[in-house]
Each structure stands twice: as C-alpha cells, then as structure tokens.
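*Asks:* Quick one: the structure is below, and I'll ask about it shortly.
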Amino acid sequence: MKQNNFDEYQLMKRYRVSFQTLILLLIMVFINGMVSDHYMWATPIVQAMIIVSVSTAYFVSVCLFKDAYIGNHTRNKAAGLVLFFVLGAANTATSLYANWHTGYVENGALQNDVVSLILGILFLYLSLAGLLSLYVLKKRSRD
Amino acid sequence: MPRNIMIKVARAELDMTQKDLADKVGISRQTMNAIEQGEWNPTIKLCKAICKVLGKSLDDLFGGDDGETE
C-alpha cells in the first residue's frame, strides 16, 4: 500500500473542513464588502490579510482538533511548529517595536503596517495550537 | 453503523494496541478507532491492509452480519 502522508479518513475530514473554510471565506468577503462600502475600516491589503488569516486559522484549528493537520509520516512533527513560533514571535516583536509610538490606525482605518502584526499573531497562534495538539495526541496514545 | 468488534478481537489475539496496528497499516490511531467504532467505512484497499497485518481474511473482519458486529 502506498504510504500517503494522510490516510483516507483524514483526507475526508480535510475535504469537509476545506469546504467549511470556503463558505466562511465567502461570508467574510460578503460582509466585508457590505461594511467597506459604507465605512473604510482598513486598507484593502489589510482587509484581505485579515480575511485570509481568519480562514487559515479556522482551517488549521479544526484540522488540528480532528487530527487531520499533521501527516502520519511527517518526521519531527514539532520542528516546523517551532519554526512557526520563532517566525511569529519575530514578526510580532518587530511590528510592535516599529509602530509603538505611531500606532496602526490613521484617519479611522487600519494601515498596511498592521499586516506584519497580523501575520505574527497568526504564526504564533498556529504554532501554539499545533504544539498543544501534539501534546494532547501524545497523551491520548499513552493512555 | 455498527461497531466492528472483530478487528478488536483479532488485535487482542496478537496483543496489539490500536496504535501498533495503525502504525503497521500506515494510518492514524484516530482512524483505526473510527473503523472499530463503526464511524468510518474504510475502502477495500485499507480493509485488505488491515487484514494482512492481522493475518485474517476480509470475510473474517468485514464479512456478513453474523458475529463481527454488535
């Protein structure tokens, strides 16, 4: 049997979560379109980044919860997550340091400087959620 | 879907845990658990792989309605 990284049950769960993520993405795009039409709350790049980040966070969280995010044959599962954590911490720290006095809001709208902060928070969240799920899975298989 | 206790019995005969069997078949422990609990109907390819590891026939583990389910 060919050794795929995900087995068929995991793939089925991923397809299902992918579809939910697509629906969530479409809903957010629709709501954002309605809101931005009346009030420009952020620059278009920031709007796109927030929508993509929320969708990504949803997909990864649900896949992690359903044990369908990290493949069965992935070597050193924590390595990638630690790299994510370092990247996230660096992004968040540099963004906060650079914009500490100026802030991220100008004329009532979020500016492009906030993108690196959003990415930093996303990476931090993904890495911590991944490490937590690895710990839970390890504990469960020990029981 | 009914639970498949024949896999559990065959596994117990070989003194294997769900994790051991899942590793040998190349799937996750959660998938093996879903198959045993009857939450997931595996493909014939996966059924064959499980049978091969447990040394049983498809009929023994996944055949008819008599005996293998509860």
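As shown in the structure tokens, the chain order sets the letters A, B, ...; within each chain, residues go from 1, and ligands are also counted from 1 in the order they appear.
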Residues of chain B within 9 Å of chain A: nearest atom pair and distance (Å, one decimal) for each, counting only C-alpha atoms, sorted by chain and number, as JSON lines?

*Replies:*
```
{"residue": "B:Gln18", "atom": "CA", "partner": "A:Ser141", "partner_atom": "CA", "distance": 8.8}
{"residue": "B:Lys19", "atom": "CA", "partner": "A:Ser141", "partner_atom": "CA", "distance": 7.0}
{"residue": "B:Asp23", "atom": "CA", "partner": "A:Asn72", "partner_atom": "CA", "distance": 8.6}
{"residue": "B:Val25", "atom": "CA", "partner": "A:Met1", "partner_atom": "CA", "distance": 8.5}
{"residue": "B:Gly26", "atom": "CA", "partner": "A:Gln3", "partner_atom": "CA", "distance": 6.5}
{"residue": "B:Ile27", "atom": "CA", "partner": "A:Asp7", "partner_atom": "CA", "distance": 5.4}
{"residue": "B:Ser28", "atom": "CA", "partner": "A:Asn72", "partner_atom": "CA", "distance": 6.1}
{"residue": "B:Arg29", "atom": "CA", "partner": "A:Ser141", "partner_atom": "CA", "distance": 7.8}
{"residue": "B:Gln30", "atom": "CA", "partner": "A:Asp67", "partner_atom": "CA", "distance": 7.4}
{"residue": "B:Thr31", "atom": "CA", "partner": "A:Tyr9", "partner_atom": "CA", "distance": 6.0}
{"residue": "B:Ala34", "atom": "CA", "partner": "A:Tyr9", "partner_atom": "CA", "distance": 8.6}
{"residue": "B:Trp40", "atom": "CA", "partner": "A:Tyr9", "partner_atom": "CA", "distance": 7.3}
{"residue": "B:Asn41", "atom": "CA", "partner": "A:Tyr9", "partner_atom": "CA", "distance": 8.9}
{"residue": "B:Pro42", "atom": "CA", "partner": "A:Glu8", "partner_atom": "CA", "distance": 7.8}
{"residue": "B:Thr43", "atom": "CA", "partner": "A:Glu8", "partner_atom": "CA", "distance": 8.2}
{"residue": "B:Lys45", "atom": "CA", "partner": "A:Met1", "partner_atom": "CA", "distance": 7.8}
{"residue": "B:Leu46", "atom": "CA", "partner": "A:Met1", "partner_atom": "CA", "distance": 8.3}
{"residue": "B:Ala49", "atom": "CA", "partner": "A:Met1", "partner_atom": "CA", "distance": 7.2}
```

*Asks:* Using N, CA, C and O atoms, can you export the residues from the last selection as a PDB file, in the first residue's frame?

*Replies:*
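As written to disk, part_16.pdb reads:
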```pdb
ATOM      1  N   GLN B  18      -4.267  -0.265  19.484  1.00  0.00           N
ATOM      2  CA  GLN B  18      -4.764   0.435  18.291  1.00  0.00           C
ATOM      3  C   GLN B  18      -3.610   1.149  17.592  1.00  0.00           C
ATOM      4  O   GLN B  18      -3.526   1.173  16.375  1.00  0.00           O
ATOM      5  N   LYS B  19      -2.720   1.723  18.403  1.00  0.00           N
ATOM      6  CA  LYS B  19      -1.602   2.491  17.846  1.00  0.00           C
ATOM      7  C   LYS B  19      -0.655   1.571  17.065  1.00  0.00           C
ATOM      8  O   LYS B  19      -0.213   1.924  15.968  1.00  0.00           O
ATOM      9  N   ASP B  23      -0.018   2.011  13.133  1.00  0.00           N
ATOM     10  CA  ASP B  23       1.339   2.258  12.617  1.00  0.00           C
ATOM     11  C   ASP B  23       1.716   1.246  11.539  1.00  0.00           C
ATOM     12  O   ASP B  23       2.322   1.591  10.531  1.00  0.00           O
ATOM     13  N   VAL B  25      -0.318  -0.440   9.617  1.00  0.00           N
ATOM     14  CA  VAL B  25      -1.146  -0.253   8.415  1.00  0.00           C
ATOM     15  C   VAL B  25      -0.783   1.058   7.708  1.00  0.00           C
ATOM     16  O   VAL B  25      -0.946   1.191   6.505  1.00  0.00           O
ATOM     17  N   GLY B  26      -0.279   2.021   8.480  1.00  0.00           N
ATOM     18  CA  GLY B  26       0.105   3.312   7.903  1.00  0.00           C
ATOM     19  C   GLY B  26      -1.000   4.339   7.978  1.00  0.00           C
ATOM     20  O   GLY B  26      -1.135   5.199   7.108  1.00  0.00           O
ATOM     21  N   ILE B  27      -1.822   4.234   9.029  1.00  0.00           N
ATOM     22  CA  ILE B  27      -2.887   5.218   9.244  1.00  0.00           C
ATOM     23  C   ILE B  27      -2.767   5.770  10.664  1.00  0.00           C
ATOM     24  O   ILE B  27      -1.944   5.287  11.440  1.00  0.00           O
ATOM     25  N   SER B  28      -3.600   6.756  10.990  1.00  0.00           N
ATOM     26  CA  SER B  28      -3.517   7.330  12.342  1.00  0.00           C
ATOM     27  C   SER B  28      -4.332   6.487  13.329  1.00  0.00           C
ATOM     28  O   SER B  28      -5.228   5.741  12.927  1.00  0.00           O
ATOM     29  N   ARG B  29      -4.026   6.615  14.610  1.00  0.00           N
ATOM     30  CA  ARG B  29      -4.751   5.858  15.633  1.00  0.00           C
ATOM     31  C   ARG B  29      -6.229   6.243  15.642  1.00  0.00           C
ATOM     32  O   ARG B  29      -7.106   5.416  15.850  1.00  0.00           O
ATOM     33  N   GLN B  30      -6.490   7.535  15.379  1.00  0.00           N
ATOM     34  CA  GLN B  30      -7.878   8.009  15.379  1.00  0.00           C
ATOM     35  C   GLN B  30      -8.683   7.342  14.262  1.00  0.00           C
ATOM     36  O   GLN B  30      -9.858   7.049  14.432  1.00  0.00           O
ATOM     37  N   THR B  31      -8.012   7.110  13.119  1.00  0.00           N
ATOM     38  CA  THR B  31      -8.697   6.447  12.001  1.00  0.00           C
ATOM     39  C   THR B  31      -9.032   5.007  12.371  1.00  0.00           C
ATOM     40  O   THR B  31     -10.142   4.533  12.120  1.00  0.00           O
ATOM     41  N   ALA B  34     -11.896   5.021  14.627  1.00  0.00           N
ATOM     42  CA  ALA B  34     -13.154   5.296  13.910  1.00  0.00           C
ATOM     43  C   ALA B  34     -13.646   4.039  13.194  1.00  0.00           C
ATOM     44  O   ALA B  34     -14.857   3.788  13.142  1.00  0.00           O
ATOM     45  N   TRP B  40     -16.485   5.046  10.574  1.00  0.00           N
ATOM     46  CA  TRP B  40     -15.914   5.234   9.240  1.00  0.00           C
ATOM     47  C   TRP B  40     -15.889   3.910   8.501  1.00  0.00           C
ATOM     48  O   TRP B  40     -15.453   2.900   9.053  1.00  0.00           O
ATOM     49  N   ASN B  41     -16.361   3.932   7.271  1.00  0.00           N
ATOM     50  CA  ASN B  41     -16.377   2.743   6.445  1.00  0.00           C
ATOM     51  C   ASN B  41     -15.143   2.774   5.542  1.00  0.00           C
ATOM     52  O   ASN B  41     -15.120   3.537   4.582  1.00  0.00           O
ATOM     53  N   PRO B  42     -14.118   1.989   5.831  1.00  0.00           N
ATOM     54  CA  PRO B  42     -12.874   2.087   5.050  1.00  0.00           C
ATOM     55  C   PRO B  42     -13.013   1.532   3.637  1.00  0.00           C
ATOM     56  O   PRO B  42     -13.914   0.731   3.370  1.00  0.00           O
ATOM     57  N   THR B  43     -12.098   1.942   2.754  1.00  0.00           N
ATOM     58  CA  THR B  43     -12.108   1.418   1.390  1.00  0.00           C
ATOM     59  C   THR B  43     -11.585  -0.016   1.423  1.00  0.00           C
ATOM     60  O   THR B  43     -10.951  -0.441   2.392  1.00  0.00           O
ATOM     61  N   LYS B  45      -9.170  -1.202  -0.124  1.00  0.00           N
ATOM     62  CA  LYS B  45      -7.707  -1.166  -0.076  1.00  0.00           C
ATOM     63  C   LYS B  45      -7.222  -1.163   1.385  1.00  0.00           C
ATOM     64  O   LYS B  45      -6.320  -1.908   1.762  1.00  0.00           O
ATOM     65  N   LEU B  46      -7.871  -0.337   2.190  1.00  0.00           N
ATOM     66  CA  LEU B  46      -7.499  -0.234   3.607  1.00  0.00           C
ATOM     67  C   LEU B  46      -7.920  -1.495   4.364  1.00  0.00           C
ATOM     68  O   LEU B  46      -7.181  -1.982   5.224  1.00  0.00           O
ATOM     69  N   ALA B  49      -5.345  -4.070   3.771  1.00  0.00           N
ATOM     70  CA  ALA B  49      -4.119  -3.785   4.528  1.00  0.00           C
ATOM     71  C   ALA B  49      -4.281  -4.204   5.992  1.00  0.00           C
ATOM     72  O   ALA B  49      -3.359  -4.771   6.589  1.00  0.00           O
TER      73      ALA B  49
END
```

*Asks:* Name all residues at most 9 Å from Thr21 (chain A) (count only C-alpha atoms; drop same-chain ones fewer than 2 positions away) and give them as number ranges by chain.

*Replies:* A: 16-19, 23-26, 55-56, 58-59

*Asks:* Kindly give the distance, in Å, that separates CA of Ala90 (chain A) and CA of Ser127 (chain A), rounded to a single decimal.

*Replies:*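 Value for the CA of Ala90 (chain A)-CA of Ser127 (chain A) distance: 13.2 Å.
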
*Asks:* Apply DSSP to the structure's backbone, then extract all residues of chain A labelled strand (DSSP E) and return them as a PyMOL selection string.

*Replies:* chain A and resi 105-106+109-110

*Asks:* Based on the selection just made, write N, CA and C atoms of those residues as a PDB file, in the first residue's frame.

*Replies:*
```pdb
ATOM      1  N   VAL A 105      -3.509  52.894  13.358  1.00  0.00           N
ATOM      2  CA  VAL A 105      -4.731  53.490  12.802  1.00  0.00           C
ATOM      3  C   VAL A 105      -4.481  54.925  12.345  1.00  0.00           C
ATOM      4  N   GLU A 106      -4.937  55.218  11.140  1.00  0.00           N
ATOM      5  CA  GLU A 106      -4.805  56.576  10.620  1.00  0.00           C
ATOM      6  C   GLU A 106      -6.131  56.938   9.947  1.00  0.00           C
ATOM      7  N   ALA A 109      -8.801  54.261   9.912  1.00  0.00           N
ATOM      8  CA  ALA A 109      -8.640  52.997   9.172  1.00  0.00           C
ATOM      9  C   ALA A 109      -7.305  52.341   9.529  1.00  0.00           C
ATOM     10  N   LEU A 110      -7.329  51.025   9.598  1.00  0.00           N
ATOM     11  CA  LEU A 110      -6.084  50.290   9.862  1.00  0.00           C
ATOM     12  C   LEU A 110      -5.153  50.441   8.665  1.00  0.00           C
TER      13      LEU A 110
END
```

*Asks:* For region 111-114 of chain A, please output as a list of chain:residue names all residues within 10 Å (counting only C-alpha atoms; exclusion window: fewer than 2 positions along the same chain).

*Replies:*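 Close residues of region 111-114 of chain A: A:Trp41, A:Ala42, A:Thr43, A:Pro44, A:Ile45, A:Val46, A:Gln47, A:Met49, A:Ile50, A:Thr92, A:Ser95, A:Leu96, A:Ala98, A:Asn99, A:Gly103, A:Tyr104, A:Val105, A:Glu106, A:Asn107, A:Gly108, A:Ala109, A:Ser116, A:Leu117, A:Ile118, A:Leu119, A:Gly120.
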
*Asks:* Those same residues, written as an mmCIF file, in the first residue's frame with N, CA and C atoms?

*Replies:*
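Produced file out_32.cif, reproduced below:
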```cif
data_model
loop_
_atom_site.group_PDB
_atom_site.id
_atom_site.type_symbol
_atom_site.label_atom_id
_atom_site.label_comp_id
_atom_site.auth_asym_id
_atom_site.auth_seq_id
_atom_site.Cartn_x
_atom_site.Cartn_y
_atom_site.Cartn_z
ATOM 1 N N TRP A 41 -12.835 50.646 6.908
ATOM 2 C CA TRP A 41 -12.252 50.380 8.228
ATOM 3 C C TRP A 41 -10.769 49.995 8.166
ATOM 4 N N ALA A 42 -10.300 49.617 6.947
ATOM 5 C CA ALA A 42 -8.886 49.260 6.776
ATOM 6 C C ALA A 42 -8.525 49.378 5.309
ATOM 7 N N THR A 43 -7.218 49.407 5.028
ATOM 8 C CA THR A 43 -6.807 49.444 3.618
ATOM 9 C C THR A 43 -7.154 48.097 2.979
ATOM 10 N N PRO A 44 -7.299 48.042 1.656
ATOM 11 C CA PRO A 44 -7.690 46.770 1.008
ATOM 12 C C PRO A 44 -6.743 45.611 1.321
ATOM 13 N N ILE A 45 -5.435 45.897 1.430
ATOM 14 C CA ILE A 45 -4.478 44.817 1.735
ATOM 15 C C ILE A 45 -4.752 44.249 3.130
ATOM 16 N N VAL A 46 -4.992 45.133 4.072
ATOM 17 C CA VAL A 46 -5.260 44.683 5.450
ATOM 18 C C VAL A 46 -6.567 43.895 5.498
ATOM 19 N N GLN A 47 -7.575 44.377 4.793
ATOM 20 C CA GLN A 47 -8.856 43.644 4.748
ATOM 21 C C GLN A 47 -8.624 42.219 4.242
ATOM 22 N N MET A 49 -5.813 40.513 4.164
ATOM 23 C CA MET A 49 -4.974 39.750 5.089
ATOM 24 C C MET A 49 -5.783 39.220 6.265
ATOM 25 N N ILE A 50 -6.674 40.048 6.790
ATOM 26 C CA ILE A 50 -7.476 39.610 7.942
ATOM 27 C C ILE A 50 -8.408 38.466 7.535
ATOM 28 N N THR A 92 5.886 39.658 15.298
ATOM 29 C CA THR A 92 5.105 40.434 16.277
ATOM 30 C C THR A 92 5.993 41.466 16.965
ATOM 31 N N SER A 95 7.118 44.311 14.583
ATOM 32 C CA SER A 95 5.989 45.170 14.233
ATOM 33 C C SER A 95 5.617 46.085 15.402
ATOM 34 N N LEU A 96 5.554 45.512 16.600
ATOM 35 C CA LEU A 96 5.202 46.315 17.777
ATOM 36 C C LEU A 96 6.279 47.368 18.043
ATOM 37 N N ALA A 98 8.374 48.745 15.868
ATOM 38 C CA ALA A 98 8.396 49.783 14.830
ATOM 39 C C ALA A 98 7.203 50.736 14.914
ATOM 40 N N ASN A 99 6.068 50.239 15.432
ATOM 41 C CA ASN A 99 4.849 51.068 15.423
ATOM 42 C C ASN A 99 4.366 51.446 16.820
ATOM 43 N N GLY A 103 1.389 53.911 16.098
ATOM 44 C CA GLY A 103 0.112 53.181 16.083
ATOM 45 C C GLY A 103 -0.217 52.659 14.693
ATOM 46 N N TYR A 104 -1.311 51.937 14.602
ATOM 47 C CA TYR A 104 -1.671 51.287 13.336
ATOM 48 C C TYR A 104 -2.862 51.961 12.648
ATOM 49 N N VAL A 105 -3.509 52.894 13.358
ATOM 50 C CA VAL A 105 -4.731 53.490 12.802
ATOM 51 C C VAL A 105 -4.481 54.925 12.345
ATOM 52 N N GLU A 106 -4.937 55.218 11.140
ATOM 53 C CA GLU A 106 -4.805 56.576 10.620
ATOM 54 C C GLU A 106 -6.131 56.938 9.947
ATOM 55 N N ASN A 107 -6.690 58.069 10.299
ATOM 56 C CA ASN A 107 -7.997 58.505 9.770
ATOM 57 C C ASN A 107 -9.081 57.434 9.952
ATOM 58 N N GLY A 108 -9.011 56.759 11.061
ATOM 59 C CA GLY A 108 -10.047 55.763 11.371
ATOM 60 C C GLY A 108 -9.916 54.445 10.638
ATOM 61 N N ALA A 109 -8.801 54.261 9.912
ATOM 62 C CA ALA A 109 -8.640 52.997 9.172
ATOM 63 C C ALA A 109 -7.305 52.341 9.529
ATOM 64 N N SER A 116 2.176 42.905 9.203
ATOM 65 C CA SER A 116 3.181 42.032 9.833
ATOM 66 C C SER A 116 2.749 41.614 11.241
ATOM 67 N N LEU A 117 2.004 42.470 11.920
ATOM 68 C CA LEU A 117 1.481 42.099 13.248
ATOM 69 C C LEU A 117 0.444 40.975 13.111
ATOM 70 N N ILE A 118 -0.420 41.098 12.103
ATOM 71 C CA ILE A 118 -1.442 40.055 11.869
ATOM 72 C C ILE A 118 -0.767 38.723 11.558
ATOM 73 N N LEU A 119 0.261 38.784 10.670
ATOM 74 C CA LEU A 119 0.975 37.544 10.325
ATOM 75 C C LEU A 119 1.668 36.954 11.548
ATOM 76 N N GLY A 120 2.263 37.846 12.347
ATOM 77 C CA GLY A 120 2.951 37.393 13.559
ATOM 78 C C GLY A 120 2.000 36.690 14.506
#
```

*Asks:* Which neighbours of Arg11 (chain B) fall inside 12 Å, counting only C-alpha atoms, when residues of the same chain fewer than 2 positions from it are skipped, and could you give them as a list in words?

*Replies:* Asn4, Ile5, Met6, Ile7, Lys8, Val9, Glu13, Leu14, Asp15, Met16, Thr17, Gln18, Lys19, Asp20, Leu21, Ala22, Lys24, Met32, Glu36, Ile50, Cys51, Val53, Leu54, Gly55, Lys56 and Leu61 of chain B

*Asks:* Hey, can you spit out that residue selection with C-alpha atoms as a PDB file, in the first residue's frame?

*Replies:*
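What ended up in again30.pdb:
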```
ATOM      1  CA  ASN B   4     -16.631  -3.758  14.311  1.00  0.00           C
ATOM      2  CA  ILE B   5     -15.529  -5.860  17.255  1.00  0.00           C
ATOM      3  CA  MET B   6     -13.794  -8.491  15.109  1.00  0.00           C
ATOM      4  CA  ILE B   7     -10.866  -6.156  14.494  1.00  0.00           C
ATOM      5  CA  LYS B   8     -10.610  -5.556  18.229  1.00  0.00           C
ATOM      6  CA  VAL B   9     -10.672  -9.318  18.897  1.00  0.00           C
ATOM      7  CA  GLU B  13      -5.191 -12.050  19.910  1.00  0.00           C
ATOM      8  CA  LEU B  14      -1.951 -10.573  18.637  1.00  0.00           C
ATOM      9  CA  ASP B  15      -1.608  -8.394  21.760  1.00  0.00           C
ATOM     10  CA  MET B  16      -1.573  -5.220  19.686  1.00  0.00           C
ATOM     11  CA  THR B  17      -2.807  -1.791  20.672  1.00  0.00           C
ATOM     12  CA  GLN B  18      -4.764   0.435  18.291  1.00  0.00           C
ATOM     13  CA  LYS B  19      -1.602   2.491  17.846  1.00  0.00           C
ATOM     14  CA  ASP B  20       0.511  -0.578  16.951  1.00  0.00           C
ATOM     15  CA  LEU B  21      -1.991  -1.695  14.338  1.00  0.00           C
ATOM     16  CA  ALA B  22      -2.437   1.816  12.961  1.00  0.00           C
ATOM     17  CA  LYS B  24       1.698  -1.061  10.794  1.00  0.00           C
ATOM     18  CA  MET B  32      -8.292   2.948  13.419  1.00  0.00           C
ATOM     19  CA  GLU B  36     -13.511  -0.068  15.152  1.00  0.00           C
ATOM     20  CA  ILE B  50      -5.720  -4.334   7.953  1.00  0.00           C
ATOM     21  CA  CYS B  51      -6.440  -7.997   7.131  1.00  0.00           C
ATOM     22  CA  VAL B  53      -1.430  -7.150   9.254  1.00  0.00           C
ATOM     23  CA  LEU B  54      -3.862  -9.133  11.415  1.00  0.00           C
ATOM     24  CA  GLY B  55      -3.482 -12.322   9.344  1.00  0.00           C
ATOM     25  CA  LYS B  56      -7.222 -12.646   8.748  1.00  0.00           C
ATOM     26  CA  LEU B  61     -13.068  -8.995   9.712  1.00  0.00           C
TER      27      LEU B  61
END
```

*Asks:* Check chain B with DSSP on the backbone and list each residue it calls alpha helix (DSSP H), as a PDB file with C-alpha atoms, in the first residue's frame.

*Replies:*
```pdb
ATOM      1  CA  ILE B   5     -15.529  -5.860  17.255  1.00  0.00           C
ATOM      2  CA  MET B   6     -13.794  -8.491  15.109  1.00  0.00           C
ATOM      3  CA  ILE B   7     -10.866  -6.156  14.494  1.00  0.00           C
ATOM      4  CA  LYS B   8     -10.610  -5.556  18.229  1.00  0.00           C
ATOM      5  CA  VAL B   9     -10.672  -9.318  18.897  1.00  0.00           C
ATOM      6  CA  ALA B  10      -8.060 -10.044  16.205  1.00  0.00           C
ATOM      7  CA  ARG B  11      -5.922  -7.226  17.574  1.00  0.00           C
ATOM      8  CA  ALA B  12      -6.217  -8.575  21.114  1.00  0.00           C
ATOM      9  CA  GLU B  13      -5.191 -12.050  19.910  1.00  0.00           C
ATOM     10  CA  GLN B  18      -4.764   0.435  18.291  1.00  0.00           C
ATOM     11  CA  LYS B  19      -1.602   2.491  17.846  1.00  0.00           C
ATOM     12  CA  ASP B  20       0.511  -0.578  16.951  1.00  0.00           C
ATOM     13  CA  LEU B  21      -1.991  -1.695  14.338  1.00  0.00           C
ATOM     14  CA  ALA B  22      -2.437   1.816  12.961  1.00  0.00           C
ATOM     15  CA  ASP B  23       1.339   2.258  12.617  1.00  0.00           C
ATOM     16  CA  LYS B  24       1.698  -1.061  10.794  1.00  0.00           C
ATOM     17  CA  VAL B  25      -1.146  -0.253   8.415  1.00  0.00           C
ATOM     18  CA  ARG B  29      -4.751   5.858  15.633  1.00  0.00           C
ATOM     19  CA  GLN B  30      -7.878   8.009  15.379  1.00  0.00           C
ATOM     20  CA  THR B  31      -8.697   6.447  12.001  1.00  0.00           C
ATOM     21  CA  MET B  32      -8.292   2.948  13.419  1.00  0.00           C
ATOM     22  CA  ASN B  33     -10.520   3.925  16.327  1.00  0.00           C
ATOM     23  CA  ALA B  34     -13.154   5.296  13.910  1.00  0.00           C
ATOM     24  CA  ILE B  35     -13.112   1.991  11.974  1.00  0.00           C
ATOM     25  CA  GLU B  36     -13.511  -0.068  15.152  1.00  0.00           C
ATOM     26  CA  GLN B  37     -16.291   2.189  16.419  1.00  0.00           C
ATOM     27  CA  ILE B  44     -11.374  -2.123   0.243  1.00  0.00           C
ATOM     28  CA  LYS B  45      -7.707  -1.166  -0.076  1.00  0.00           C
ATOM     29  CA  LEU B  46      -7.499  -0.234   3.607  1.00  0.00           C
ATOM     30  CA  CYS B  47      -9.550  -3.285   4.638  1.00  0.00           C
ATOM     31  CA  LYS B  48      -7.043  -5.513   2.821  1.00  0.00           C
ATOM     32  CA  ALA B  49      -4.119  -3.785   4.528  1.00  0.00           C
ATOM     33  CA  ILE B  50      -5.720  -4.334   7.953  1.00  0.00           C
ATOM     34  CA  CYS B  51      -6.440  -7.997   7.131  1.00  0.00           C
ATOM     35  CA  LYS B  52      -2.848  -8.508   6.001  1.00  0.00           C
ATOM     36  CA  VAL B  53      -1.430  -7.150   9.254  1.00  0.00           C
ATOM     37  CA  LEU B  54      -3.862  -9.133  11.415  1.00  0.00           C
ATOM     38  CA  LEU B  58     -11.715  -9.965   4.539  1.00  0.00           C
ATOM     39  CA  ASP B  59     -14.636 -12.197   5.436  1.00  0.00           C
ATOM     40  CA  ASP B  60     -13.331 -12.699   8.973  1.00  0.00           C
ATOM     41  CA  LEU B  61     -13.068  -8.995   9.712  1.00  0.00           C
ATOM     42  CA  PHE B  62     -15.538  -7.268   7.421  1.00  0.00           C
TER      43      PHE B  62
END
```

*Asks:* Provide the CA of Lys138 (chain A) to CA of Ala78 (chain A) distance in Å, to one decimal place.

*Replies:*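 CA of Ala78 (chain A) lies 12.0 Å from CA of Lys138 (chain A).
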
*Asks:* Can you work out which one of A:Trp100, A:Phe84, A:Phe30, A:Tyr15 has the shortest atom-to-atom distance to Cys63 (chain A), counting only C-alpha atoms?

*Replies:*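 Residue with the minimum atom-to-atom distance to Cys63 (chain A): A:Tyr15.
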
*Asks:* CA of Gly38 (chain B) and CA of Pro2 (chain B), how far apart in Å?

*Replies:*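 About the pair CA of Pro2 (chain B) and CA of Gly38 (chain B): they are 5.3 Å apart.
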